[in-house]
Every structure is written in C-alpha cells, then in structure tokens.
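See below for my_file-v2.tsv, which holds TSV, C-alpha atoms.
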chain	number	residue	atom	x	y	z
A	17	MET	CA	74.80	101.18	93.36
A	18	THR	CA	78.48	100.36	93.09
A	19	VAL	CA	80.84	101.89	95.62
A	20	ALA	CA	84.60	101.98	95.01
A	21	LEU	CA	86.43	101.84	98.32
A	22	ILE	CA	89.76	103.45	97.49
A	23	ASN	CA	92.60	102.88	99.93
A	24	ALA	CA	95.15	105.63	99.22
A	25	SER	CA	97.59	104.72	101.97
A	26	PRO	CA	101.09	104.00	100.64
A	27	LYS	CA	101.39	101.13	103.14
A	28	VAL	CA	101.25	97.61	101.74
A	29	LYS	CA	99.45	96.21	104.81
A	30	GLY	CA	98.04	97.29	108.17
A	31	SER	CA	97.05	100.82	107.17
A	32	SER	CA	94.53	102.80	109.22
A	33	SER	CA	92.82	103.76	105.94
A	34	GLY	CA	92.34	100.06	105.14
A	35	ILE	CA	90.91	99.33	108.60
A	36	LEU	CA	88.44	102.25	108.32
A	37	LEU	CA	87.36	101.12	104.85
A	38	GLY	CA	86.90	97.60	106.28
A	39	ASP	CA	84.46	99.03	108.83
A	40	LEU	CA	82.61	100.93	106.12
A	41	LYS	CA	82.43	97.81	103.96
A	42	GLU	CA	80.95	95.86	106.88
A	43	ILE	CA	78.32	98.56	107.48
A	44	LEU	CA	77.39	98.84	103.79
A	45	GLY	CA	77.00	95.02	103.72
A	46	SER	CA	74.89	93.82	100.84
A	47	ARG	CA	73.27	97.20	100.28
A	48	ALA	CA	75.92	98.12	97.68
A	49	GLU	CA	78.22	96.39	95.21
A	50	ILE	CA	81.80	96.99	96.32
A	51	GLU	CA	84.97	97.51	94.28
A	52	GLU	CA	88.14	97.56	96.42
A	53	ILE	CA	91.02	99.56	95.02
A	54	CYS	CA	94.49	100.40	96.35
A	55	LEU	CA	96.33	103.53	95.23
A	56	ARG	CA	99.82	103.03	96.63
A	57	THR	CA	101.79	104.68	93.87
A	58	GLY	CA	101.17	107.74	91.75
A	59	LYS	CA	100.07	105.76	88.70
A	60	ILE	CA	96.54	105.01	87.58
A	61	THR	CA	96.86	101.75	85.69
A	62	SER	CA	94.27	100.60	83.15
A	63	GLU	CA	93.17	97.95	85.68
A	64	ILE	CA	92.52	100.59	88.36
A	65	LYS	CA	90.75	102.80	85.83
A	66	GLU	CA	88.51	99.89	84.80
A	67	CYS	CA	87.49	99.24	88.43
A	68	LEU	CA	86.82	102.93	89.03
A	69	MET	CA	84.67	103.16	85.90
A	70	LYS	CA	82.35	100.45	87.27
A	71	ALA	CA	81.46	102.55	90.31
A	72	ASP	CA	79.03	105.45	90.59
A	73	THR	CA	80.37	106.35	94.06
A	74	TRP	CA	83.96	106.68	95.24
A	75	VAL	CA	85.13	106.75	98.86
A	76	VAL	CA	88.75	107.89	99.02
A	77	ALA	CA	90.49	107.03	102.30
A	78	PHE	CA	93.91	108.51	102.94
A	79	PRO	CA	96.31	109.39	105.75
A	80	LEU	CA	96.85	113.08	106.46
A	81	TYR	CA	100.41	113.96	105.44
A	82	VAL	CA	101.72	117.44	106.29
A	83	ASP	CA	98.19	118.94	106.47
A	84	SER	CA	97.25	117.61	103.05
A	85	LEU	CA	96.97	114.55	100.82
A	86	PRO	CA	99.96	112.25	100.28
A	87	ALA	CA	101.95	113.19	97.15
A	88	HIS	CA	101.09	110.00	95.27
A	89	LEU	CA	97.36	110.62	95.74
A	90	LEU	CA	97.68	114.14	94.33
A	91	ASN	CA	99.34	112.65	91.28
A	92	CYS	CA	96.52	110.11	90.93
A	93	LEU	CA	93.84	112.81	91.26
A	94	LYS	CA	95.49	114.81	88.49
A	95	GLN	CA	95.25	111.78	86.19
A	96	LEU	CA	91.69	111.03	87.27
A	97	GLU	CA	90.56	114.60	86.62
A	98	ARG	CA	90.90	113.79	82.94
A	99	MET	CA	88.32	110.94	83.15
A	100	LYS	CA	85.65	113.50	82.32
A	101	GLU	CA	83.41	110.91	80.65
A	102	LYS	CA	82.77	109.35	84.06
A	103	HIS	CA	82.30	112.30	86.33
A	104	ALA	CA	78.81	113.62	85.55
A	105	SER	CA	77.19	110.72	87.43
A	106	LEU	CA	79.85	110.32	90.09
A	107	SER	CA	79.61	111.11	93.82
A	108	VAL	CA	82.85	111.31	95.82
A	109	TYR	CA	83.30	110.99	99.59
A	110	GLY	CA	86.48	111.09	101.65
A	111	ILE	CA	87.92	109.59	104.83
A	112	ALA	CA	91.04	111.28	106.15
A	113	ASN	CA	92.83	109.85	109.16
A	114	CYS	CA	95.20	112.04	111.16
A	115	GLY	CA	98.00	110.97	113.45
A	116	PHE	CA	96.81	113.80	115.69
A	117	TYR	CA	93.98	113.25	118.13
A	118	GLU	CA	91.75	115.92	116.60
A	119	GLY	CA	90.07	114.74	113.40
A	120	ASN	CA	89.25	118.31	112.37
A	121	GLN	CA	92.94	118.91	111.63
A	122	ALA	CA	92.12	117.14	108.35
A	123	GLU	CA	89.62	119.77	107.24
A	124	PRO	CA	91.88	121.64	104.77
A	125	ALA	CA	92.92	118.32	103.20
A	126	LEU	CA	89.28	117.32	102.78
A	127	ASN	CA	88.69	120.67	101.09
A	128	VAL	CA	91.39	119.71	98.58
A	129	LEU	CA	89.23	116.69	97.67
A	130	LYS	CA	86.17	118.95	97.48
A	131	ASN	CA	88.06	121.36	95.15
A	132	TRP	CA	89.11	118.41	93.01
A	133	CYS	CA	85.46	117.35	92.62
A	134	LYS	CA	84.58	120.81	91.38
A	135	LYS	CA	87.38	120.79	88.81
A	136	ALA	CA	86.57	117.23	87.73
A	137	GLY	CA	82.85	117.96	87.41
A	138	CYS	CA	81.54	115.42	89.94
A	139	ALA	CA	79.54	115.74	93.16
A	140	TYR	CA	81.32	116.03	96.51
A	141	GLY	CA	79.22	114.31	99.16
A	142	GLY	CA	81.19	115.17	102.31
A	143	SER	CA	83.81	113.36	104.34
A	144	LEU	CA	84.89	111.99	107.68
A	145	GLY	CA	87.98	113.41	109.36
A	146	ILE	CA	89.28	110.86	111.87
A	147	GLY	CA	91.67	111.56	114.74
A	148	GLY	CA	93.95	109.07	116.49
A	149	GLY	CA	95.15	107.33	113.32
A	150	GLY	CA	98.08	105.73	115.14
A	151	ALA	CA	95.71	103.84	117.44
A	152	ILE	CA	93.50	102.73	114.56
A	153	ALA	CA	96.50	101.08	112.92
A	154	VAL	CA	97.00	98.80	115.94
A	155	SER	CA	93.29	98.02	116.38
A	156	GLY	CA	92.87	95.99	113.21
A	157	ASN	CA	92.10	92.73	115.00
A	158	GLN	CA	89.28	94.33	117.05
A	159	LYS	CA	85.67	94.66	115.97
A	160	GLY	CA	84.96	98.22	114.86
A	161	ASN	CA	81.82	98.60	116.94
A	162	ARG	CA	83.66	97.79	120.18
A	163	GLY	CA	86.81	99.11	121.80
A	164	MET	CA	88.86	102.04	120.61
A	165	ARG	CA	87.13	102.47	117.20
A	166	SER	CA	83.58	102.40	118.61
A	167	SER	CA	83.14	106.21	118.45
A	168	ILE	CA	84.40	106.24	114.87
A	169	TYR	CA	82.19	103.29	113.95
A	170	LYS	CA	79.15	105.26	115.12
A	171	ALA	CA	80.08	108.18	112.85
A	172	MET	CA	80.81	105.68	110.07
A	173	LYS	CA	77.23	104.32	110.26
A	174	ASN	CA	75.78	107.77	109.59
A	175	PHE	CA	78.38	108.29	106.87
A	176	ALA	CA	77.31	104.99	105.22
A	177	ASP	CA	73.67	106.15	105.22
A	178	THR	CA	74.67	109.38	103.48
A	179	ILE	CA	76.62	107.39	100.89
A	180	LEU	CA	73.79	104.92	100.24
A	181	LYS	CA	71.34	107.77	99.64
A	182	LYS	CA	73.95	109.54	97.49
A	183	GLU	CA	73.31	112.58	99.63
A	184	CYS	CA	75.59	115.50	100.27
A	185	ASP	CA	76.47	116.27	103.87
A	186	MET	CA	78.90	118.49	105.77
A	187	ASN	CA	82.28	117.07	106.72
A	188	LYS	CA	82.07	115.27	110.07
A	189	TYR	CA	84.80	114.54	112.57
A	190	ALA	CA	85.41	111.72	115.04
A	191	THR	CA	88.25	110.38	117.10
A	192	VAL	CA	89.28	107.24	118.97
A	193	ALA	CA	87.28	106.30	122.06
A	194	PHE	CA	89.77	107.20	124.76
A	195	PRO	CA	91.22	110.45	126.16
A	196	ARG	CA	93.84	112.54	124.42
A	197	PHE	CA	96.43	112.20	127.19
A	198	VAL	CA	96.25	108.41	126.93
A	199	TYR	CA	96.77	108.61	123.16
A	200	LYS	CA	99.76	110.92	123.66
A	201	LEU	CA	101.36	108.56	126.22
A	202	ALA	CA	100.66	105.49	124.07
A	203	ALA	CA	102.35	107.14	121.06
A	204	GLN	CA	105.36	108.03	123.20
A	205	HIS	CA	105.63	104.44	124.40
A	206	SER	CA	105.29	103.09	120.88
A	207	TRP	CA	108.18	105.22	119.48
A	208	ARG	CA	110.43	104.04	122.34
A	209	THR	CA	109.53	100.40	121.68
A	210	MET	CA	110.13	100.84	117.94
A	211	ILE	CA	113.54	102.49	118.26
A	212	LYS	CA	114.67	99.74	120.65
A	213	SER	CA	113.47	97.01	118.29
A	214	ASN	CA	115.47	98.75	115.54
A	215	GLY	CA	118.64	98.54	117.68
A	216	GLY	CA	118.59	102.16	118.82
A	217	LYS	CA	118.21	103.94	122.13
A	218	LYS	CA	115.50	106.22	123.47
A	219	LYS	CA	117.73	109.29	123.11
A	220	ASP	CA	118.18	108.56	119.38
A	221	LEU	CA	114.57	109.62	118.78
A	222	SER	CA	115.63	113.27	119.17
A	223	ARG	CA	118.86	112.88	117.14
A	224	ARG	CA	119.84	115.84	114.99
A	225	LEU	CA	121.63	115.33	111.70
A	226	ASP	CA	125.06	116.86	111.14
A	227	ARG	CA	125.71	119.02	108.11
B	27	MET	CA	119.73	130.44	105.38
B	28	LYS	CA	116.77	130.64	102.99
B	29	LEU	CA	115.36	127.31	101.92
B	30	ILE	CA	113.44	127.46	98.67
B	31	ILE	CA	111.42	124.44	97.62
B	32	THR	CA	110.02	124.73	94.12
B	33	ASP	CA	108.63	122.56	91.35
B	34	ILE	CA	110.10	124.87	88.70
B	35	GLU	CA	112.92	122.92	87.02
B	36	ASP	CA	114.78	125.82	85.38
B	37	PHE	CA	114.69	127.94	88.49
B	38	GLU	CA	116.28	131.36	87.92
B	39	PHE	CA	115.36	133.88	90.59
B	40	GLN	CA	117.34	136.62	92.28
B	41	ILE	CA	117.94	135.40	95.80
B	42	GLU	CA	119.56	137.54	98.44
B	43	GLY	CA	121.88	135.98	101.04
B	44	GLU	CA	122.75	132.39	101.84
B	45	HIS	CA	120.26	129.97	100.35
B	46	LYS	CA	119.52	126.46	99.16
B	47	VAL	CA	117.11	125.55	96.39
B	48	ILE	CA	115.38	122.17	96.25
B	49	ASN	CA	113.81	121.57	92.85
B	50	PRO	CA	113.16	118.49	90.67
B	51	GLN	CA	116.47	116.68	90.16
B	52	GLY	CA	116.32	113.04	89.18
B	53	ASN	CA	113.54	110.79	90.32
B	54	ILE	CA	112.09	111.50	93.76
B	55	LYS	CA	110.47	108.48	95.41
B	56	TYR	CA	107.24	108.59	97.39
B	57	CYS	CA	107.03	108.28	101.17
B	58	ILE	CA	106.05	104.69	102.04
B	59	GLY	CA	104.61	105.52	105.47
B	60	CYS	CA	107.15	103.34	107.33
B	61	PHE	CA	108.04	105.92	110.04
B	62	GLY	CA	111.70	104.86	109.68
B	63	CYS	CA	112.65	108.56	109.74
B	64	TRP	CA	111.28	108.70	113.30
B	65	ALA	CA	112.14	105.28	114.71
B	66	LYS	CA	114.90	103.68	112.63
B	67	THR	CA	117.21	106.42	111.30
B	68	PRO	CA	115.74	109.41	113.21
B	69	GLY	CA	115.96	112.66	111.26
B	70	GLU	CA	116.65	110.98	107.93
B	71	CYS	CA	114.39	109.22	105.44
B	72	VAL	CA	115.27	105.57	104.80
B	73	ILE	CA	114.92	106.02	101.03
B	74	HIS	CA	118.26	107.27	99.70
B	75	ASP	CA	117.47	109.10	96.46
B	76	GLY	CA	119.00	112.50	97.21
B	77	TYR	CA	115.92	113.80	99.06
B	78	GLN	CA	116.46	112.00	102.37
B	79	ARG	CA	117.97	114.89	104.37
B	80	THR	CA	115.55	117.76	103.70
B	81	SER	CA	114.63	117.79	107.40
B	82	LEU	CA	118.17	119.01	108.16
B	83	ASP	CA	117.82	121.82	105.58
B	84	MET	CA	114.61	122.80	107.35
B	85	GLY	CA	116.43	122.67	110.68
B	86	LEU	CA	119.11	125.04	109.41
B	87	CYS	CA	116.89	127.61	107.70
B	88	ASP	CA	115.48	130.86	109.06
B	89	GLU	CA	113.14	131.29	106.11
B	90	MET	CA	111.35	128.72	103.97
B	91	ILE	CA	109.75	129.70	100.67
B	92	ILE	CA	107.53	127.30	98.76
B	93	ILE	CA	106.99	128.08	95.06
B	94	SER	CA	104.45	125.70	93.64
B	95	GLU	CA	101.82	125.14	91.03
B	96	CYS	CA	98.47	125.11	92.81
B	97	TYR	CA	96.81	121.67	92.78
B	98	TYR	CA	93.20	121.96	94.00
B	99	GLY	CA	94.29	124.29	96.82
B	100	THR	CA	97.49	122.55	97.80
B	101	VAL	CA	101.06	122.24	96.57
B	102	SER	CA	102.06	120.18	93.53
B	103	PRO	CA	103.01	116.49	93.87
B	104	PHE	CA	106.76	117.27	93.71
B	105	ILE	CA	106.62	119.80	96.57
B	106	LYS	CA	104.31	117.52	98.52
B	107	ASN	CA	106.69	114.63	98.01
B	108	VAL	CA	109.59	116.70	99.39
B	109	GLN	CA	107.40	117.64	102.38
B	110	ASP	CA	106.20	114.06	102.97
B	111	ARG	CA	109.81	112.83	102.96
B	112	ALA	CA	110.88	115.51	105.46
B	113	ILE	CA	108.46	114.88	108.33
B	114	SER	CA	111.43	114.08	110.54
B	115	TYR	CA	111.99	117.84	110.86
B	116	VAL	CA	109.75	117.10	113.85
B	117	GLN	CA	109.78	114.04	116.13
B	118	GLY	CA	107.12	111.37	116.44
B	119	ASP	CA	106.30	112.42	120.00
B	120	PHE	CA	103.34	114.73	120.48
B	121	ILE	CA	103.02	118.01	122.36
B	122	LEU	CA	99.98	120.21	122.92
B	123	ARG	CA	100.10	123.75	121.52
B	124	ASN	CA	97.20	126.20	121.37
B	125	GLY	CA	94.86	123.44	122.51
B	126	GLU	CA	95.80	121.10	119.66
B	127	MET	CA	98.10	118.16	119.25
B	128	HIS	CA	101.29	118.72	117.23
B	129	HIS	CA	104.67	117.03	116.93
B	130	LYS	CA	107.62	117.83	119.16
B	131	HIS	CA	110.47	119.77	117.57
B	132	ARG	CA	113.79	118.18	116.66
B	133	TYR	CA	115.70	121.40	115.92
B	134	ASP	CA	115.82	124.76	117.74
B	135	ASN	CA	115.15	127.06	114.78
B	136	LYS	CA	111.94	128.95	114.16
B	137	PHE	CA	111.60	129.96	110.52
B	138	GLN	CA	109.37	132.27	108.52
B	139	LEU	CA	107.17	130.50	106.01
B	140	SER	CA	105.94	131.92	102.68
B	141	ALA	CA	104.19	130.23	99.78
B	142	TYR	CA	103.86	131.50	96.22
B	143	PHE	CA	101.31	129.54	94.21
B	144	TYR	CA	100.94	129.80	90.47
B	145	GLY	CA	98.30	128.54	88.04
B	146	GLU	CA	95.95	129.80	85.34
B	147	ASP	CA	92.60	129.04	86.90
B	148	ILE	CA	93.00	129.02	90.68
B	149	THR	CA	89.50	129.43	92.15
B	150	GLU	CA	88.67	131.44	95.27
B	151	GLU	CA	87.93	128.20	97.15
B	152	GLU	CA	91.33	126.82	96.16
B	153	LYS	CA	93.03	130.01	97.35
B	154	GLN	CA	91.32	129.72	100.73
B	155	THR	CA	92.25	126.04	101.03
B	156	ALA	CA	95.87	126.88	100.15
B	157	ARG	CA	95.95	129.61	102.81
B	158	ASP	CA	94.54	127.15	105.37
B	159	ILE	CA	97.05	124.45	104.48
B	160	ILE	CA	100.07	126.77	104.65
B	161	ALA	CA	98.77	128.17	107.96
B	162	GLY	CA	98.48	124.55	109.16
B	163	ASN	CA	102.07	123.89	108.03
B	164	ALA	CA	103.24	126.96	109.97
B	165	GLU	CA	101.37	125.76	113.05
B	166	ASN	CA	102.80	122.26	112.80
B	167	PHE	CA	106.37	123.46	112.18
B	168	ASP	CA	105.93	126.14	114.87
B	169	ALA	CA	106.96	128.59	112.14
B	170	LYS	CA	105.91	132.19	111.58
B	171	LEU	CA	103.58	132.58	108.61
B	172	LYS	CA	104.81	135.43	106.41
B	173	GLU	CA	102.66	135.42	103.27
B	174	VAL	CA	100.70	133.29	100.82
B	175	LEU	CA	100.48	134.83	97.33
B	176	PHE	CA	98.95	133.72	94.03
B	177	PHE	CA	100.22	134.26	90.49
B	178	LYS	CA	98.66	133.48	87.12
B	179	SER	CA	101.76	131.69	85.80
B	180	ALA	CA	105.28	130.62	86.71
B	181	GLU	CA	106.45	133.26	84.24
B	182	GLU	CA	104.78	135.98	86.29
B	183	LEU	CA	106.89	134.92	89.29
B	184	ARG	CA	110.19	135.50	87.56
B	185	GLY	CA	110.58	139.13	88.56
B	186	LEU	CA	110.31	138.23	92.21
B	187	ARG	CA	113.28	138.93	94.46
B	188	LEU	CA	113.53	136.31	97.16
Using structure tokens, write down the structure that the file contains.
Amino acid sequence: MTVALINASPKVKGSSSGILLGDLKEILGSRAEIEEICLRTGKITSEIKECLMKADTWVVAFPLYVDSLPAHLLNCLKQLERMKEKHASLSVYGIANCGFYEGNQAEPALNVLKNWCKKAGCAYGGSLGIGGGGAIAVSGNQKGNRGMRSSIYKAMKNFADTILKKECDMNKYATVAFPRFVYKLAAQHSWRTMIKSNGGKKKDLSRRLDR
Amino acid sequence: MKLIITDIEDFEFQIEGEHKVINPQGNIKYCIGCFGCWAKTPGECVIHDGYQRTSLDMGLCDEMIIISECYYGTVSPFIKNVQDRAISYVQGDFILRNGEMHHKHRYDNKFQLSAYFYGEDITEEEKQTARDIIAGNAENFDAKLKEVLFFKSAEELRGLRL
C-alpha cells in the first residue's frame, strides 16, 4: 500500500502536524510506501496531484483553526473533490492537533473531513484528535515514544494499525503526557518570552487596538 | 454594531442600525501560523492586506452574523480566512471555562452569534457539523449563540432583514 502523509500546516518548518506525521512514518516503517506532501497554500499543483494519485491512503494532518480546518486546506479539499477518478479506491484518515489541551475539541473539524469523504466518494477511516499542540511543536527533537508525546505515540500505534489494515474506526483522542495546569502555565510563560524577544512587554499581550 | 462577515461579493441586504460588512475585497492572504498577532503586534495580524484588524471589529460588535456557502459542514474558505486572521480577538493565554480550555479575552464585549449557510445540497450530517462548529465558535469567543439557519441558495437569503 502507498500512504500519502499530507502535512496541511501553513508553517514552513517546525509544525506540530509535521512532528506527528514523523511519528506515524516511523511507526509505519517499511510496512507501507510513503509519499510526503505539504499543503501550505490553497493550490493543488500538478506535482502535488501526481503524488496524491500514487497513494491509495491519505492521512491529512492539520492544526485546528477556529474550531475547523485552516482556510487553505478547505480550498485544497474543494479542488481535490473533483479528482473523482481516484476516490473509489481511496481511504482517508485525519490527524487534527489543537492548541487546547483537550483533543476532543477537534471533533467537529474531523467531521468536516468525514463529510468531505462522503461528497468526494471515498472511504473515511477515522482520525486522531490531539490536544496540547503547542507542546508538540517544541518537542520535535525528542523521541515520540518517550517524554511529552509518549501518550500520543501510543494512540498513534493503534492508529497506524487501523491504517495498515485499511479499516474504519471511530475518531480517537489523545493529549500530551503531562497535566493540564502545567500546559496552561507553560503556554503563559512562552507568550511572555516571545513578546520580550520581539521587543515588547508582558502587558502588550493584552493590548487592545484603537479604532 | 453588527458585524456581518459574508462571502457574497455583491452583498445587498437590508441591515438595521450601525453595521460593518466584511466581504471579498481584493486578495485576502492566508494565515501563516506565526502567532505574530499574539506575540509580536498583539491584536493585529502581521500581514497587511486590509484584513489585519478584524479582531478589533469583533471587539466592537454586539452581534456577529456569518453568511456563508456551506463547505462540508463549515464556512467557505473566504470566511474561514477572515476568521483565521482574526484569532487575536482573544489572547494566547488560556483560561478554563465549563471544564474546557479556551483563550482569554482581549476585549470586554459579549456578542450574539448567528450563521446563515447556503448551498444546494447540504446534507443532514453537514448541517449538524455546521451547528457544532458555530456552537464551538460561540464557546471560544464567549459569545451567545443566536441561530444557525440553512438556505438552498444565496438568492434565497436576499429577503432577509439583518
């Protein structure tokens, strides 16, 4: 089987979606041929289309934006819906990562992907909704099976089995391997560090714009 | 102030009271996920294409109305783009509300949120997904959900008084 790992984060590097797909790639190992694709803009080029056509399974990884898919991914899906010739044999899986701690906040967004599959005429195989996306982004140099991604890695192993069997499963949810209050404090600290490195002050984080 | 965000280019509705309409004008750029609107120029998107200050419009409104073609149970790419570029309506910091994590507010207002979706073949599943997403938006903006309605075409919406 050929699996297209589709990174739909708009970020050029260091995306949580990319890190999660890296873990999935490691777990799939040599059991599947892999095509790696980035969808950073709203355009499906002929090169991207060619890579997608080679695969019988797609795994679309994206960040949760405002309870849904990022705008550019919606645009891509609209274009891909028209690839009807491909879809009869295609299985699609999703990985949504939320900035929030609770991965199940991605459920409506994953249902958008499921609805797309129905319109496009392909099989929806289920998805992973991942919480704590902000922490995943800074854990890229760690092994997935240890440290803060270990709980997600465990869910990813089961997810990989479902993909390899081309089975259909319910959406599953996982989050980073540390408590919610720690995640909340770490995020708070990170915004303060970022604003300072950008030449601002802590109080600027709550700045209101003037008319 | 009523804030109306729509993907209809030739928008001609009867709107009562003070209002602002955001609809496709020029070329809107996609969010690049840089978080500059939270930690570089807080409250404002770093991409200056005319859509960088929507978070302020949201902060000034008492009612927000989304009028969108339904895309698989969510808003159209234009509306979504406006939303993605306006995440600085809230701050990066988290709070806990109703047992879930959400973002801390930047402004003091609490608006009513409605969504009017249009499209020829919106399925029941898509309608439910759209209701869930708009309810999620209301929860995340700490807004009051007013209504989510579905129409068979943009034309059918034209008689609506907003």
Compute the set of chain B residues within 6 Å of chain A, using all atoms listed in the file, and express it as a short mmCIF file (atom, residue, chain, number, x, y, z; two decimals) with C-alpha atoms, in the coordinates of the input.
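Done, and the output landed in selection_29.cif:
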data_model
loop_
_atom_site.label_atom_id
_atom_site.label_comp_id
_atom_site.auth_asym_id
_atom_site.auth_seq_id
_atom_site.Cartn_x
_atom_site.Cartn_y
_atom_site.Cartn_z
CA ILE B 58 106.05 104.69 102.04
CA GLY B 59 104.61 105.52 105.47
CA ALA B 65 112.14 105.28 114.71
CA LYS B 66 114.90 103.68 112.63
CA PRO B 68 115.74 109.41 113.21
CA TYR B 98 93.20 121.96 94.00
CA GLY B 99 94.29 124.29 96.82
CA PRO B 103 103.01 116.49 93.87
CA LYS B 106 104.31 117.52 98.52
CA ASN B 107 106.69 114.63 98.01
CA ASP B 119 106.30 112.42 120.00
CA MET B 127 98.10 118.16 119.25
CA ARG B 132 113.79 118.18 116.66
CA THR B 155 92.25 126.04 101.03
CA ILE B 159 97.05 124.45 104.48
#
When you draw a straight line from CA of Glu49 in chain A to CA of Thr18 in chain A, how long is it in Å?
4.5 Å
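Interatomic distance, CA of Gly30 in chain A against CA of Glu97 in chain A: 28.6 Å.
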Smallest atom-to-atom distance to Thr149 in chain B: which of B:Ile121, B:Ile113, B:Ala161, B:Cys96, using only C-alpha atoms?
B:Cys96
Of B:Ser81, B:Thr100, B:Asn166, B:Asn53, the one sitting nearest Tyr133 in chain B when using only C-alpha atoms is B:Ser81
For Asn135 in chain B: contacts at 12 Å, all atoms listed in the file, fewer than 2 positions along chain excluded, given as a PDB file with C-alpha atoms, keeping the file's coordinate frame:
ATOM      1  CA  MET B  27     119.730 130.440 105.380  1.00  0.00           C
ATOM      2  CA  SER B  81     114.630 117.790 107.400  1.00  0.00           C
ATOM      3  CA  LEU B  82     118.170 119.010 108.160  1.00  0.00           C
ATOM      4  CA  ASP B  83     117.820 121.820 105.580  1.00  0.00           C
ATOM      5  CA  MET B  84     114.610 122.800 107.350  1.00  0.00           C
ATOM      6  CA  GLY B  85     116.430 122.670 110.680  1.00  0.00           C
ATOM      7  CA  LEU B  86     119.110 125.040 109.410  1.00  0.00           C
ATOM      8  CA  CYS B  87     116.890 127.610 107.700  1.00  0.00           C
ATOM      9  CA  ASP B  88     115.480 130.860 109.060  1.00  0.00           C
ATOM     10  CA  GLU B  89     113.140 131.290 106.110  1.00  0.00           C
ATOM     11  CA  MET B  90     111.350 128.720 103.970  1.00  0.00           C
ATOM     12  CA  TYR B 115     111.990 117.840 110.860  1.00  0.00           C
ATOM     13  CA  VAL B 116     109.750 117.100 113.850  1.00  0.00           C
ATOM     14  CA  HIS B 131     110.470 119.770 117.570  1.00  0.00           C
ATOM     15  CA  ARG B 132     113.790 118.180 116.660  1.00  0.00           C
ATOM     16  CA  TYR B 133     115.700 121.400 115.920  1.00  0.00           C
ATOM     17  CA  PHE B 137     111.600 129.960 110.520  1.00  0.00           C
ATOM     18  CA  GLN B 138     109.370 132.270 108.520  1.00  0.00           C
ATOM     19  CA  PHE B 167     106.370 123.460 112.180  1.00  0.00           C
ATOM     20  CA  ASP B 168     105.930 126.140 114.870  1.00  0.00           C
ATOM     21  CA  ALA B 169     106.960 128.590 112.140  1.00  0.00           C
ATOM     22  CA  LYS B 170     105.910 132.190 111.580  1.00  0.00           C
TER      23      LYS B 170
END
Please identify all polymer residues within 8 Å of Ile53 in chain A, counting all atoms listed in the file, omitting same-chain residues fewer than 6 positions from it, and present them as number ranges by chain.
A: 20-23, 64, 67
File contents for range 150-173 of chain B with C-alpha atoms as a PDB file, in the first residue's frame:
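What follows is the written file decode.pdb:
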ATOM      1  CA  GLU B 150     -28.070  16.443   7.331  1.00  0.00           C
ATOM      2  CA  GLU B 151     -24.588  15.457   8.559  1.00  0.00           C
ATOM      3  CA  GLU B 152     -23.165  18.708   7.209  1.00  0.00           C
ATOM      4  CA  LYS B 153     -25.906  20.696   8.938  1.00  0.00           C
ATOM      5  CA  GLN B 154     -25.095  19.028  12.256  1.00  0.00           C
ATOM      6  CA  THR B 155     -21.359  19.645  11.792  1.00  0.00           C
ATOM      7  CA  ALA B 156     -22.062  23.303  10.976  1.00  0.00           C
ATOM      8  CA  ARG B 157     -24.199  23.665  14.114  1.00  0.00           C
ATOM      9  CA  ASP B 158     -21.407  22.090  16.195  1.00  0.00           C
ATOM     10  CA  ILE B 159     -18.743  24.352  14.708  1.00  0.00           C
ATOM     11  CA  ILE B 160     -20.731  27.559  15.224  1.00  0.00           C
ATOM     12  CA  ALA B 161     -21.545  26.436  18.790  1.00  0.00           C
ATOM     13  CA  GLY B 162     -17.798  25.858  19.261  1.00  0.00           C
ATOM     14  CA  ASN B 163     -17.087  29.364  17.911  1.00  0.00           C
ATOM     15  CA  ALA B 164     -19.605  30.820  20.371  1.00  0.00           C
ATOM     16  CA  GLU B 165     -17.976  28.913  23.221  1.00  0.00           C
ATOM     17  CA  ASN B 166     -14.488  30.030  22.233  1.00  0.00           C
ATOM     18  CA  PHE B 167     -15.499  33.682  21.740  1.00  0.00           C
ATOM     19  CA  ASP B 168     -17.622  33.515  24.924  1.00  0.00           C
ATOM     20  CA  ALA B 169     -20.467  34.702  22.685  1.00  0.00           C
ATOM     21  CA  LYS B 170     -24.184  33.961  22.884  1.00  0.00           C
ATOM     22  CA  LEU B 171     -25.334  31.617  20.124  1.00  0.00           C
ATOM     23  CA  LYS B 172     -28.462  33.051  18.490  1.00  0.00           C
ATOM     24  CA  GLU B 173     -29.239  30.853  15.483  1.00  0.00           C
TER      25      GLU B 173
END
